[in-house]
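Report on the following structure.
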There are 2 protein chains.
Amino acid sequence: MEWTTELRYKPYEEWSAQELLQLQAQAANSQYQMAYHIRPQSGLLNDPNGFSYYNNQWHVFYQSFPFGAAHGLKSWMHLVSDDLVHWRNLGLALAPDTPLDSHGAYSGSAAVIDDKLLLMYTGNVRTKEWERISYQNGAWLDKNGKITKLPKPLIEAPEHVTEHFRDPQLLKYRGEYYVILGAQDKTTLSGKVALFKSKDLEKWQDLGYVDFTDDVMGYMIECPNLVFIDDKPVLIFCPQGLEHEVADYQNIYPNMYVAGEHFKFNAGKLQTQQKAPINLDDGFDVYATQAFNAPDGKAYAISWVGLPDLAYPSDSENWAGCLSQVKVLSLDADGKLIQQPVPAMADLRQAGTVLRPEANYNQRQQLVYQAGKHYELKLNLDANQSGSLHLAANKDASQSLKIDFSTQDHGYVKVDRAHTGISFNEEYGTTRTVNFDQANRLELDIFIDGSLFEIFVNGGRHVITGRFFSQPDNQQIALTSEIALDFTGTYWPLQGI
Amino acid sequence: MEWTTELRYKPYEEWSAQELLQLQAQAANSQYQMAYHIRPQSGLLNDPNGFSYYNNQWHVFYQSFPFGAAHGLKSWMHLVSDDLVHWRNLGLALAPDTPLDSHGAYSGSAAVIDDKLLLMYTGNVRTKEWERISYQNGAWLDKNGKITKLPKPLIEAPEHVTEHFRDPQLLKYRGEYYVILGAQDKTTLSGKVALFKSKDLEKWQDLGYVDFTDDVMGYMIECPNLVFIDDKPVLIFCPQGLEHEVADYQNIYPNMYVAGEHFKFNAGKLQTQQKAPINLDDGFDVYATQAFNAPDGKAYAISWVGLPDLAYPSDSENWAGCLSQVKVLSLDADGKLIQQPVPAMADLRQAGTVLRPEANYNQRQQLVYQAGKHYELKLNLDANQSGSLHLAANKDASQSLKIDFSTQDHGYVKVDRAHTGISFNEEYGTTRTVNFDQANRLELDIFIDGSLFEIFVNGGRHVITGRFFSQPDNQQIALTSEIALDFTGTYWPLQGI
């Protein structure tokens with residue numbers, strides 16, 4: 001099926017329920033489907049939206065095009081959780097059904113205001129001439145789950161931006177409201193983070209752009225998020241078209257962060273010593289991360305695992321994308337971000353198997369024969385080790401998701417998804433490498449879920465996330481190395497949610 | 001909305017995806033919704049179908065009309081599980097989309113044959129004159145989840161039945177295939193269990209009706225199920241229009257069983273000493289129970305919690321019905337059925353609270369202040385106790401799901417749903433009572449899930465199941481009695497699935 005503009009923007013009323021039921025069944029029956037991550041009920045999932053805590057529950061929404069693996073007419077789908085792990089799907093929350101969001105209820109955030117949750121989102125509207133208008137709209141969610149859209153936009157695009165003006169994050173600070181937005185400056189056509197302020201959610205003051213770098217942030221910034229960790233501001237954002245000289249990255253578009261000392265709201269100034277933005281994730285597919293400060297004092301983040309403008313093998317099954325697991329954020333002494341699984345992830349573990357080096361090691365050790373497709377694997381290596389860990393491997397490990405590692409000299413971890421069985425998006429490289437200044441040990445905490453991997457390196461100092469597509473029968477976990485390895489480890493099958 | 005025949009049989013293609021998405025969201029957002037039972041994704045759920053173990057997973061399907069709380073055009077929805085508790089929804093499996101099931105893919109069973117699962121179901125067809133034809137169809141499910149319908153019916157209705165001929169259960173016995181079906185005899189217009197036999201699934205021999213009683217089983221029998229427990233046959237079935245003199249029941253239609261000594265397949269004879277059918281469940285709403293003998297040697301049962309021809313308060317929210325939890329079946333020394341939760345139900349338990357009699361008891365004891373809507377409560381009472389347990393109670397327990405009990409003299413348990421806040425179906429009584437010959441103790445294991453209760457009495461010697469609709473804020477658990485009670489107990493909030 002060719003995704004013409006007409007087909008992508010066909011109203012939801014004109015798709016049949018029969019088609020939707022079949023698409024839902026197709027997505028649910030996929031052998032590549034995730035079991036303990038948020039995945040689309042049908043069609044395409046992209047950005048997480050409205051990540052928040054309200055009415056004694058965690059909330060997250062996702063961008064959905066329910067009718068196929070295409071970026072068509074978008075809506076918000078809603079999920080709730082008690083523990084940030086077990087999510088209950090509440091279905092369609094914001095449909096593109098008003099003149100203010102006729103061509104898509106695009107991304108946004110949520111903030112608790114009094115006893116309601118305000119969803120702030122970009123209403124995508126196309127004129128007859130197919131010119132884009134971006135409204136920044138609001139909708140109230142009440143305690144009974146009822147959603148009421150505001151009749152007027154909260155913010156309209158100022159003169160100094162192009163039509164690329166979206167993804168509002170609503171923040172409260174000292175009794176006033178602030179919104180940051182992704183924007184393209186009209187004069188320079190460069191990526192910016194726009195800042196607005198209001199006392200009453202009615203009248204908004206344009207504070208210009210956030211000052212957080214002297215470099216040009218490409219031609220557009222999407223999904224800016226400001227979060228505070230131990231009172232230090234961290235700006236997470238997605239620059240598009242960023243020069244590789246400014247900051248190194250391999251993905252088509254990176255998801256990066258700048259950590260600073262202080263954020264001056266009224267001046268829109270992020271004070272930072274950081275020389276350049278840093279990749280939030282060292283893998284292949286993380287984008288549109290949304291982070292927020294929760295009432296428990298912690299900062300949490302969740303990401304789309306998928307990238308704009310790229311195709312994935314599951315597209316042929318008419319579904320695409322998933323969300324990452326939720327991560328707790330912290331900062332190390334150098335101001336570098338640490339990302340860790342939330343505690344409830346351990347509740348998914350079924351009976352564990354302790355892994356030990358085998359006595360008569362010879363080139364290859366099978367760790368788990370039939371690991372299934374949904375598991376956690378922890379592996380700890382001492383100094384002076386090197387070899388490869390093979391996940392989703394066939395019998396002789398000629399096919400696998402391969403993780404080369406070394407704790408010799410300067411250590412590294414290198415993930416290679418070229419030989420999983422089904423390779424894709426090779427033009428952006430099939431490996432991702434994390435190099436260490438000095439490695440005398442290595443801790444890997446690996447989550448596999450259908451066609452998703454998330455690798456936490458050394459307690460979350462790095463996370464390497466990506467999609468992979470392996471032959472369904474490739475379920476061995478193995479280690480290969482020239483010499484016998486010294487390691488400890490545990491493997492747990494994980495329950496679905 | 002009035003459910004005209006035209007609307008109920010409107011093809012799935014003619015409903016819009018928008019409507020379905022809204023119905024799914026409405027069902028998911030209901031305050032009455034179940035969290036750890038199988039419930040409809042949208043619209044109405046009725047009979048469980050195809051309960052089986054295949055390809056290393058438990059399977060169950062349910063009868064679905066996805067477009068509202070009405071018995072319209074039915075399909076099979078599919079779920080799978082590793083533990084009979086955590087079910088994953090795979091969505092639409094059998095749609096009413098061929099000339100052999102044009103007016104509904106009605107109920108049926110599943111049996112593993114070679115390396116596939118054969119789904120055998122009733123294809124409901126209406127002629128232009130709206131005459132009903134019931135085909136007994138087959139469809140193969142393979143290990144990749146692909147379903148292929150057979151081009152011809154397996155069995156067509158014999159001359160001696162009316163158009164009421166449905167709900168096939170396929171059994172294998174000594175290398176041959178048997179099918180039992182619910183039927184109405186054409187001459188006597190009475191309820192029967194029809195029996196067929198085949199060596200090859202192609203040619204079927206009509207063995208007449210199963211002989212299991214001398215009484216008239218009303219005007220129709222639905223959903224017959226034959227299961228073997230310790231080699232003893234148990235026939236579970238739903239007689240409609242059964243005279244109350246034959247067997248006592250209060251529901252509009254009962255779900256009953258006859259346990260016997262031996263089942264002669266070729267003669268179609270169930271040898272039994274049982275005088276009359278016994279209610280499978282002592283509550284308000286169990287129907288269409290499906291049981292089967294699993295490869296682990298055990299017999300499991302699952303039921304529709306809902307009754308034909310009755311309305312429920314959730315109808316106004318456009319959804320209806322749920323499935324019971326799965327129960328393990330056994331027989332006591334007297335041939336009476338024991339039904340117990342499966343072991344994995346305990347995995348849903350979150351931190352428990354031990355309940356004890358309070359020191360200064362005065363008429364009423366609050367056991368749990370805010371119990372939530374999804375929990376398990378165990379209560380053990382010694383001899384010579386009597387009082388009332390109030391679930392989903394308001395502050396003074398004037399509203400509650402009330403469970404009166406006594407372990408004095410001949411004991412009893414009486415469930416009263418008249419005062420929960422929203423009463424319904426009062427014409428069939430608002431209480432259900434289990435009387436004991438002699439009670440010197442009482443064990444209650446109670447599961448509450450949104451608007452569903454399942455009460456296991458004395459280790460599953462009785463189960464009292466029903467729906468109830470309480471005010472959302474009524475979440476107290478309390479005990480009332482004239483004298484201080486002697487009890488032990490535990491309360492656990494339960495996780496959703």
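Numbering starts fresh at 1 for the residues of each chain in the structure tokens, the chains themselves are lettered A, B, ... in the order given, and ligands are numbered from 1 as they appear.
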
- stretch 294-446 of chain B: residues DSSP assigns to strand (DSSP E or B), reported as an NGL selection string: :B and (299-305 or 319-320 or 322-323 or 327-331 or 337-341 or 349 or 353-355 or 364-368 or 374-381 or 386-393 or 401-406 or 412-416 or 421-422 or 431-435 or 442-446)

Selected residues, C-alpha atoms, written as an mmCIF file, in the first residue's frame, please.
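Contents of the output file again25.cif:
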data_model
loop_
_atom_site.group_PDB
_atom_site.id
_atom_site.type_symbol
_atom_site.label_atom_id
_atom_site.label_comp_id
_atom_site.auth_asym_id
_atom_site.auth_seq_id
_atom_site.Cartn_x
_atom_site.Cartn_y
_atom_site.Cartn_z
ATOM 1 C CA ALA B 299 -9.390 -30.053 34.382
ATOM 2 C CA TYR B 300 -9.858 -26.283 34.104
ATOM 3 C CA ALA B 301 -13.003 -24.225 33.716
ATOM 4 C CA ILE B 302 -13.762 -20.639 32.741
ATOM 5 C CA SER B 303 -17.164 -18.969 32.565
ATOM 6 C CA TRP B 304 -18.973 -16.014 31.121
ATOM 7 C CA VAL B 305 -20.067 -13.798 34.003
ATOM 8 C CA TRP B 319 -19.798 -2.522 27.150
ATOM 9 C CA ALA B 320 -20.930 -5.694 28.926
ATOM 10 C CA CYS B 322 -16.436 -10.494 31.497
ATOM 11 C CA LEU B 323 -14.967 -13.929 31.968
ATOM 12 C CA LYS B 327 -10.725 -22.590 38.141
ATOM 13 C CA VAL B 328 -9.142 -25.991 38.733
ATOM 14 C CA LEU B 329 -11.784 -28.675 39.077
ATOM 15 C CA SER B 330 -11.752 -31.659 41.382
ATOM 16 C CA LEU B 331 -14.350 -33.982 42.899
ATOM 17 C CA LEU B 337 -17.428 -30.523 42.270
ATOM 18 C CA ILE B 338 -14.701 -28.479 43.963
ATOM 19 C CA GLN B 339 -13.515 -25.332 42.170
ATOM 20 C CA GLN B 340 -10.319 -23.582 43.182
ATOM 21 C CA PRO B 341 -8.248 -20.655 41.933
ATOM 22 C CA ARG B 349 -0.966 -10.256 45.290
ATOM 23 C CA THR B 353 -2.421 -6.784 55.435
ATOM 24 C CA VAL B 354 -3.190 -9.200 58.238
ATOM 25 C CA LEU B 355 -6.657 -8.668 59.713
ATOM 26 C CA ARG B 364 -18.805 -2.696 63.700
ATOM 27 C CA GLN B 365 -15.137 -3.128 62.791
ATOM 28 C CA GLN B 366 -13.490 -1.448 59.877
ATOM 29 C CA LEU B 367 -11.142 -3.998 58.304
ATOM 30 C CA VAL B 368 -9.780 -1.881 55.445
ATOM 31 C CA HIS B 374 -9.213 -4.900 42.879
ATOM 32 C CA TYR B 375 -8.291 -7.139 45.753
ATOM 33 C CA GLU B 376 -8.380 -10.532 47.419
ATOM 34 C CA LEU B 377 -9.698 -11.022 50.941
ATOM 35 C CA LYS B 378 -9.344 -14.213 52.939
ATOM 36 C CA LEU B 379 -11.406 -14.591 56.065
ATOM 37 C CA ASN B 380 -11.490 -17.606 58.362
ATOM 38 C CA LEU B 381 -14.159 -17.899 61.031
ATOM 39 C CA SER B 386 -22.421 -14.891 62.902
ATOM 40 C CA GLY B 387 -22.444 -11.484 61.343
ATOM 41 C CA SER B 388 -22.034 -9.606 58.102
ATOM 42 C CA LEU B 389 -19.061 -8.780 55.972
ATOM 43 C CA HIS B 390 -19.469 -5.543 54.026
ATOM 44 C CA LEU B 391 -17.498 -5.022 50.834
ATOM 45 C CA ALA B 392 -17.474 -1.807 48.807
ATOM 46 C CA ALA B 393 -19.118 -0.182 51.799
ATOM 47 C CA LEU B 401 -22.080 -5.781 48.962
ATOM 48 C CA LYS B 402 -23.214 -7.633 52.084
ATOM 49 C CA ILE B 403 -22.200 -11.153 52.975
ATOM 50 C CA ASP B 404 -24.125 -12.523 55.925
ATOM 51 C CA PHE B 405 -22.621 -15.603 57.496
ATOM 52 C CA SER B 406 -23.170 -17.997 60.313
ATOM 53 C CA TYR B 412 -24.857 -20.395 55.849
ATOM 54 C CA VAL B 413 -23.398 -17.727 53.620
ATOM 55 C CA LYS B 414 -25.774 -15.258 52.057
ATOM 56 C CA VAL B 415 -24.687 -12.667 49.510
ATOM 57 C CA ASP B 416 -26.913 -9.620 49.182
ATOM 58 C CA GLY B 421 -25.725 1.607 45.459
ATOM 59 C CA ILE B 422 -26.945 0.512 42.041
ATOM 60 C CA THR B 431 -29.607 -12.562 47.413
ATOM 61 C CA ARG B 432 -27.993 -15.939 46.948
ATOM 62 C CA THR B 433 -27.584 -18.301 49.880
ATOM 63 C CA VAL B 434 -25.445 -21.358 50.466
ATOM 64 C CA ASN B 435 -26.635 -23.512 53.361
ATOM 65 C CA LEU B 442 -16.012 -21.024 57.484
ATOM 66 C CA GLU B 443 -13.305 -20.105 55.014
ATOM 67 C CA LEU B 444 -13.980 -17.321 52.554
ATOM 68 C CA ASP B 445 -11.586 -16.478 49.740
ATOM 69 C CA ILE B 446 -13.042 -13.430 48.044
#

- Query: What residues in chain A lie within 6 Å of chain B, counting only C-alpha atoms, written as a list in words?
  - Reply: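 Within 6 Å of chain B on chain A, we get Tyr12, Glu13, Trp15, Ser16, Ala17, Gln18, Leu20, Ala25, Ala28, Asn29, Leu90, Gly91 and Leu92 of chain A.
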
Restricting the output to all heavy atoms, write the selected residues as a JSON list (two decimals), in the first residue's frame.
[["chain", "number", "residue", "atom", "x", "y", "z"],
["A", 12, "TYR", "N", -10.58, 9.43, 10.55],
["A", 12, "TYR", "CA", -10.78, 8.16, 11.25],
["A", 12, "TYR", "C", -12.17, 7.58, 10.97],
["A", 12, "TYR", "O", -12.37, 6.38, 10.99],
["A", 12, "TYR", "CB", -10.61, 8.35, 12.77],
["A", 12, "TYR", "CG", -9.20, 8.58, 13.24],
["A", 12, "TYR", "CD1", -8.18, 8.97, 12.37],
["A", 12, "TYR", "CD2", -8.87, 8.39, 14.58],
["A", 12, "TYR", "CE1", -6.88, 9.18, 12.83],
["A", 12, "TYR", "CE2", -7.57, 8.59, 15.05],
["A", 12, "TYR", "CZ", -6.59, 8.99, 14.17],
["A", 12, "TYR", "OH", -5.31, 9.18, 14.62],
["A", 13, "GLU", "N", -13.16, 8.46, 10.73],
["A", 13, "GLU", "CA", -14.52, 7.99, 10.43],
["A", 13, "GLU", "C", -14.57, 7.21, 9.13],
["A", 13, "GLU", "O", -15.49, 6.42, 8.93],
["A", 13, "GLU", "CB", -15.52, 9.14, 10.29],
["A", 13, "GLU", "CG", -15.63, 10.05, 11.48],
["A", 13, "GLU", "CD", -14.63, 11.17, 11.41],
["A", 13, "GLU", "OE1", -14.77, 12.04, 10.55],
["A", 13, "GLU", "OE2", -13.69, 11.15, 12.23],
["A", 15, "TRP", "N", -12.16, 5.22, 7.91],
["A", 15, "TRP", "CA", -11.59, 3.88, 8.02],
["A", 15, "TRP", "C", -12.67, 2.99, 8.63],
["A", 15, "TRP", "O", -13.45, 3.44, 9.47],
["A", 15, "TRP", "CB", -10.37, 3.87, 8.93],
["A", 15, "TRP", "CG", -9.19, 4.60, 8.37],
["A", 15, "TRP", "CD1", -8.88, 5.90, 8.56],
["A", 15, "TRP", "CD2", -8.16, 4.06, 7.54],
["A", 15, "TRP", "NE1", -7.72, 6.23, 7.90],
["A", 15, "TRP", "CE2", -7.25, 5.11, 7.26],
["A", 15, "TRP", "CE3", -7.92, 2.79, 6.99],
["A", 15, "TRP", "CZ2", -6.12, 4.92, 6.46],
["A", 15, "TRP", "CZ3", -6.79, 2.61, 6.21],
["A", 15, "TRP", "CH2", -5.91, 3.65, 5.95],
["A", 16, "SER", "N", -12.67, 1.70, 8.27],
["A", 16, "SER", "CA", -13.70, 0.83, 8.84],
["A", 16, "SER", "C", -13.21, 0.16, 10.10],
["A", 16, "SER", "O", -12.01, -0.07, 10.30],
["A", 16, "SER", "CB", -14.15, -0.22, 7.82],
["A", 16, "SER", "OG", -13.31, -1.35, 7.88],
["A", 17, "ALA", "N", -14.16, -0.16, 10.96],
["A", 17, "ALA", "CA", -13.85, -0.89, 12.18],
["A", 17, "ALA", "C", -13.22, -2.24, 11.86],
["A", 17, "ALA", "O", -12.34, -2.72, 12.58],
["A", 17, "ALA", "CB", -15.13, -1.08, 13.00],
["A", 18, "GLN", "N", -13.66, -2.86, 10.78],
["A", 18, "GLN", "CA", -13.11, -4.14, 10.36],
["A", 18, "GLN", "C", -11.61, -4.01, 10.09],
["A", 18, "GLN", "O", -10.80, -4.82, 10.55],
["A", 18, "GLN", "CB", -13.84, -4.59, 9.09],
["A", 18, "GLN", "CG", -13.23, -5.77, 8.37],
["A", 18, "GLN", "CD", -13.73, -7.08, 8.93],
["A", 18, "GLN", "OE1", -14.35, -7.13, 10.00],
["A", 18, "GLN", "NE2", -13.45, -8.15, 8.23],
["A", 20, "LEU", "N", -9.60, -1.75, 11.31],
["A", 20, "LEU", "CA", -8.91, -1.50, 12.58],
["A", 20, "LEU", "C", -8.76, -2.77, 13.40],
["A", 20, "LEU", "O", -7.69, -3.05, 13.96],
["A", 20, "LEU", "CB", -9.66, -0.43, 13.37],
["A", 20, "LEU", "CG", -8.98, 0.02, 14.65],
["A", 20, "LEU", "CD1", -7.64, 0.68, 14.36],
["A", 20, "LEU", "CD2", -9.86, 0.98, 15.45],
["A", 25, "ALA", "N", -5.21, -6.96, 15.49],
["A", 25, "ALA", "CA", -4.84, -8.37, 15.61],
["A", 25, "ALA", "C", -3.46, -8.61, 14.99],
["A", 25, "ALA", "O", -2.64, -9.34, 15.55],
["A", 25, "ALA", "CB", -5.90, -9.25, 14.93],
["A", 28, "ALA", "N", -0.82, -7.36, 17.40],
["A", 28, "ALA", "CA", -0.74, -8.19, 18.62],
["A", 28, "ALA", "C", -0.12, -9.55, 18.33],
["A", 28, "ALA", "O", 0.54, -10.12, 19.20],
["A", 28, "ALA", "CB", -2.14, -8.38, 19.21],
["A", 29, "ASN", "N", -0.31, -10.05, 17.13],
["A", 29, "ASN", "CA", 0.20, -11.39, 16.79],
["A", 29, "ASN", "C", 1.62, -11.39, 16.26],
["A", 29, "ASN", "O", 2.16, -12.45, 15.99],
["A", 29, "ASN", "CB", -0.74, -12.04, 15.76],
["A", 29, "ASN", "CG", -2.00, -12.61, 16.39],
["A", 29, "ASN", "OD1", -1.98, -13.70, 16.94],
["A", 29, "ASN", "ND2", -3.09, -11.85, 16.36],
["A", 90, "LEU", "N", -5.76, 2.89, 28.07],
["A", 90, "LEU", "CA", -7.09, 3.51, 28.12],
["A", 90, "LEU", "C", -7.55, 3.99, 26.74],
["A", 90, "LEU", "O", -8.65, 4.51, 26.61],
["A", 90, "LEU", "CB", -7.10, 4.68, 29.12],
["A", 90, "LEU", "CG", -6.84, 4.32, 30.58],
["A", 90, "LEU", "CD1", -6.91, 5.56, 31.45],
["A", 90, "LEU", "CD2", -7.84, 3.27, 31.06],
["A", 91, "GLY", "N", -6.71, 3.81, 25.75],
["A", 91, "GLY", "CA", -7.14, 4.08, 24.37],
["A", 91, "GLY", "C", -7.12, 5.55, 23.98],
["A", 91, "GLY", "O", -6.44, 6.39, 24.59],
["A", 92, "LEU", "N", -7.88, 5.85, 22.95],
["A", 92, "LEU", "CA", -7.89, 7.17, 22.33],
["A", 92, "LEU", "C", -8.26, 8.26, 23.32],
["A", 92, "LEU", "O", -9.31, 8.20, 23.96],
["A", 92, "LEU", "CB", -8.89, 7.16, 21.17],
["A", 92, "LEU", "CG", -9.00, 8.43, 20.34],
["A", 92, "LEU", "CD1", -7.70, 8.72, 19.61],
["A", 92, "LEU", "CD2", -10.13, 8.29, 19.31]]

- Contacts of B:Trp204 at 9 Å or less, counting only C-alpha atoms, minus same-chain residues fewer than 3 places along, as an MDAnalysis selection string? chainID B and resid 154:155 178 196:201

With all heavy atoms kept, could you save the residues just selected as a PDB file, in the first residue's frame?
ATOM      1  N   LEU B 154     -18.192 -28.999   9.171  1.00  0.00           N
ATOM      2  CA  LEU B 154     -17.875 -30.345   9.654  1.00  0.00           C
ATOM      3  C   LEU B 154     -19.173 -31.130   9.854  1.00  0.00           C
ATOM      4  O   LEU B 154     -19.271 -32.287   9.474  1.00  0.00           O
ATOM      5  CB  LEU B 154     -17.095 -30.252  10.968  1.00  0.00           C
ATOM      6  CG  LEU B 154     -15.659 -29.708  10.853  1.00  0.00           C
ATOM      7  CD1 LEU B 154     -15.095 -29.367  12.227  1.00  0.00           C
ATOM      8  CD2 LEU B 154     -14.755 -30.728  10.154  1.00  0.00           C
ATOM      9  N   ILE B 155     -20.157 -30.489  10.447  1.00  0.00           N
ATOM     10  CA  ILE B 155     -21.429 -31.160  10.750  1.00  0.00           C
ATOM     11  C   ILE B 155     -22.582 -30.211  10.388  1.00  0.00           C
ATOM     12  O   ILE B 155     -22.535 -29.020  10.717  1.00  0.00           O
ATOM     13  CB  ILE B 155     -21.527 -31.533  12.254  1.00  0.00           C
ATOM     14  CG1 ILE B 155     -20.439 -32.560  12.619  1.00  0.00           C
ATOM     15  CG2 ILE B 155     -22.914 -32.072  12.599  1.00  0.00           C
ATOM     16  CD1 ILE B 155     -20.373 -32.865  14.111  1.00  0.00           C
ATOM     17  N   TYR B 178     -15.103 -37.147  18.826  1.00  0.00           N
ATOM     18  CA  TYR B 178     -16.504 -37.031  19.233  1.00  0.00           C
ATOM     19  C   TYR B 178     -16.830 -35.548  19.373  1.00  0.00           C
ATOM     20  O   TYR B 178     -15.979 -34.752  19.758  1.00  0.00           O
ATOM     21  CB  TYR B 178     -16.750 -37.744  20.567  1.00  0.00           C
ATOM     22  CG  TYR B 178     -16.609 -39.247  20.454  1.00  0.00           C
ATOM     23  CD1 TYR B 178     -15.357 -39.856  20.531  1.00  0.00           C
ATOM     24  CD2 TYR B 178     -17.725 -40.056  20.269  1.00  0.00           C
ATOM     25  CE1 TYR B 178     -15.217 -41.223  20.411  1.00  0.00           C
ATOM     26  CE2 TYR B 178     -17.602 -41.440  20.146  1.00  0.00           C
ATOM     27  CZ  TYR B 178     -16.333 -42.020  20.221  1.00  0.00           C
ATOM     28  OH  TYR B 178     -16.206 -43.376  20.103  1.00  0.00           O
ATOM     29  N   PHE B 196     -21.964 -36.770  18.192  1.00  0.00           N
ATOM     30  CA  PHE B 196     -21.503 -37.215  16.873  1.00  0.00           C
ATOM     31  C   PHE B 196     -20.116 -37.844  17.008  1.00  0.00           C
ATOM     32  O   PHE B 196     -19.386 -37.555  17.946  1.00  0.00           O
ATOM     33  CB  PHE B 196     -21.437 -36.034  15.892  1.00  0.00           C
ATOM     34  CG  PHE B 196     -22.784 -35.530  15.466  1.00  0.00           C
ATOM     35  CD1 PHE B 196     -23.542 -34.738  16.315  1.00  0.00           C
ATOM     36  CD2 PHE B 196     -23.303 -35.861  14.223  1.00  0.00           C
ATOM     37  CE1 PHE B 196     -24.797 -34.281  15.922  1.00  0.00           C
ATOM     38  CE2 PHE B 196     -24.550 -35.413  13.825  1.00  0.00           C
ATOM     39  CZ  PHE B 196     -25.308 -34.619  14.678  1.00  0.00           C
ATOM     40  N   LYS B 197     -19.787 -38.663  16.010  1.00  0.00           N
ATOM     41  CA  LYS B 197     -18.515 -39.386  16.042  1.00  0.00           C
ATOM     42  C   LYS B 197     -17.897 -39.411  14.649  1.00  0.00           C
ATOM     43  O   LYS B 197     -18.624 -39.477  13.656  1.00  0.00           O
ATOM     44  CB  LYS B 197     -18.794 -40.825  16.507  1.00  0.00           C
ATOM     45  CG  LYS B 197     -17.601 -41.743  16.479  1.00  0.00           C
ATOM     46  CD  LYS B 197     -18.020 -43.152  16.881  1.00  0.00           C
ATOM     47  CE  LYS B 197     -16.860 -44.110  16.710  1.00  0.00           C
ATOM     48  NZ  LYS B 197     -17.222 -45.478  17.142  1.00  0.00           N
ATOM     49  N   SER B 198     -16.571 -39.362  14.615  1.00  0.00           N
ATOM     50  CA  SER B 198     -15.885 -39.417  13.327  1.00  0.00           C
ATOM     51  C   SER B 198     -14.509 -40.042  13.506  1.00  0.00           C
ATOM     52  O   SER B 198     -13.865 -39.875  14.544  1.00  0.00           O
ATOM     53  CB  SER B 198     -15.733 -38.015  12.740  1.00  0.00           C
ATOM     54  OG  SER B 198     -14.959 -38.049  11.565  1.00  0.00           O
ATOM     55  N   LYS B 199     -14.064 -40.749  12.471  1.00  0.00           N
ATOM     56  CA  LYS B 199     -12.691 -41.258  12.507  1.00  0.00           C
ATOM     57  C   LYS B 199     -11.724 -40.264  11.869  1.00  0.00           C
ATOM     58  O   LYS B 199     -10.538 -40.283  12.159  1.00  0.00           O
ATOM     59  CB  LYS B 199     -12.615 -42.584  11.720  1.00  0.00           C
ATOM     60  CG  LYS B 199     -13.299 -43.765  12.398  1.00  0.00           C
ATOM     61  CD  LYS B 199     -13.084 -45.019  11.535  1.00  0.00           C
ATOM     62  CE  LYS B 199     -14.026 -46.137  11.911  1.00  0.00           C
ATOM     63  NZ  LYS B 199     -13.999 -46.562  13.322  1.00  0.00           N
ATOM     64  N   ASP B 200     -12.224 -39.433  10.962  1.00  0.00           N
ATOM     65  CA  ASP B 200     -11.341 -38.654  10.087  1.00  0.00           C
ATOM     66  C   ASP B 200     -11.710 -37.167  10.026  1.00  0.00           C
ATOM     67  O   ASP B 200     -11.144 -36.429   9.219  1.00  0.00           O
ATOM     68  CB  ASP B 200     -11.389 -39.243   8.676  1.00  0.00           C
ATOM     69  CG  ASP B 200     -12.817 -39.308   8.149  1.00  0.00           C
ATOM     70  OD1 ASP B 200     -13.738 -38.760   8.817  1.00  0.00           O
ATOM     71  OD2 ASP B 200     -13.029 -39.910   7.080  1.00  0.00           O
ATOM     72  N   LEU B 201     -12.639 -36.712  10.825  1.00  0.00           N
ATOM     73  CA  LEU B 201     -13.133 -35.334  10.819  1.00  0.00           C
ATOM     74  C   LEU B 201     -13.891 -34.998   9.533  1.00  0.00           C
ATOM     75  O   LEU B 201     -14.271 -33.840   9.322  1.00  0.00           O
ATOM     76  CB  LEU B 201     -11.987 -34.319  11.007  1.00  0.00           C
ATOM     77  CG  LEU B 201     -11.206 -34.381  12.320  1.00  0.00           C
ATOM     78  CD1 LEU B 201      -9.979 -33.464  12.239  1.00  0.00           C
ATOM     79  CD2 LEU B 201     -12.069 -33.965  13.503  1.00  0.00           C
TER      80      LEU B 201
END

- Query: Skipping near chain neighbours, those fewer than 5 positions away, what residues fall within 10 Å of stretch 162-168 of chain B using only C-alpha atoms, listed as a ChimeraX atom specification?
  - Reply: /B:47,49,106-110,119-124,131-137,155-157,178-187,189-196,219-225,288

- How many Å lie between atom CA of A:Val112 and atom CA of A:Ser324, rounded to one decimal?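 For atom CA of A:Val112 relative to atom CA of A:Ser324, the distance reads 23.6 Å.
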
- Which residues, written as a PyMOL selection string, have at least one atom at most 6 Å from A:Thr420, with only C-alpha atoms counted and residues fewer than 3 positions away on the same chain left out? chain A and resi 399-401+417+470
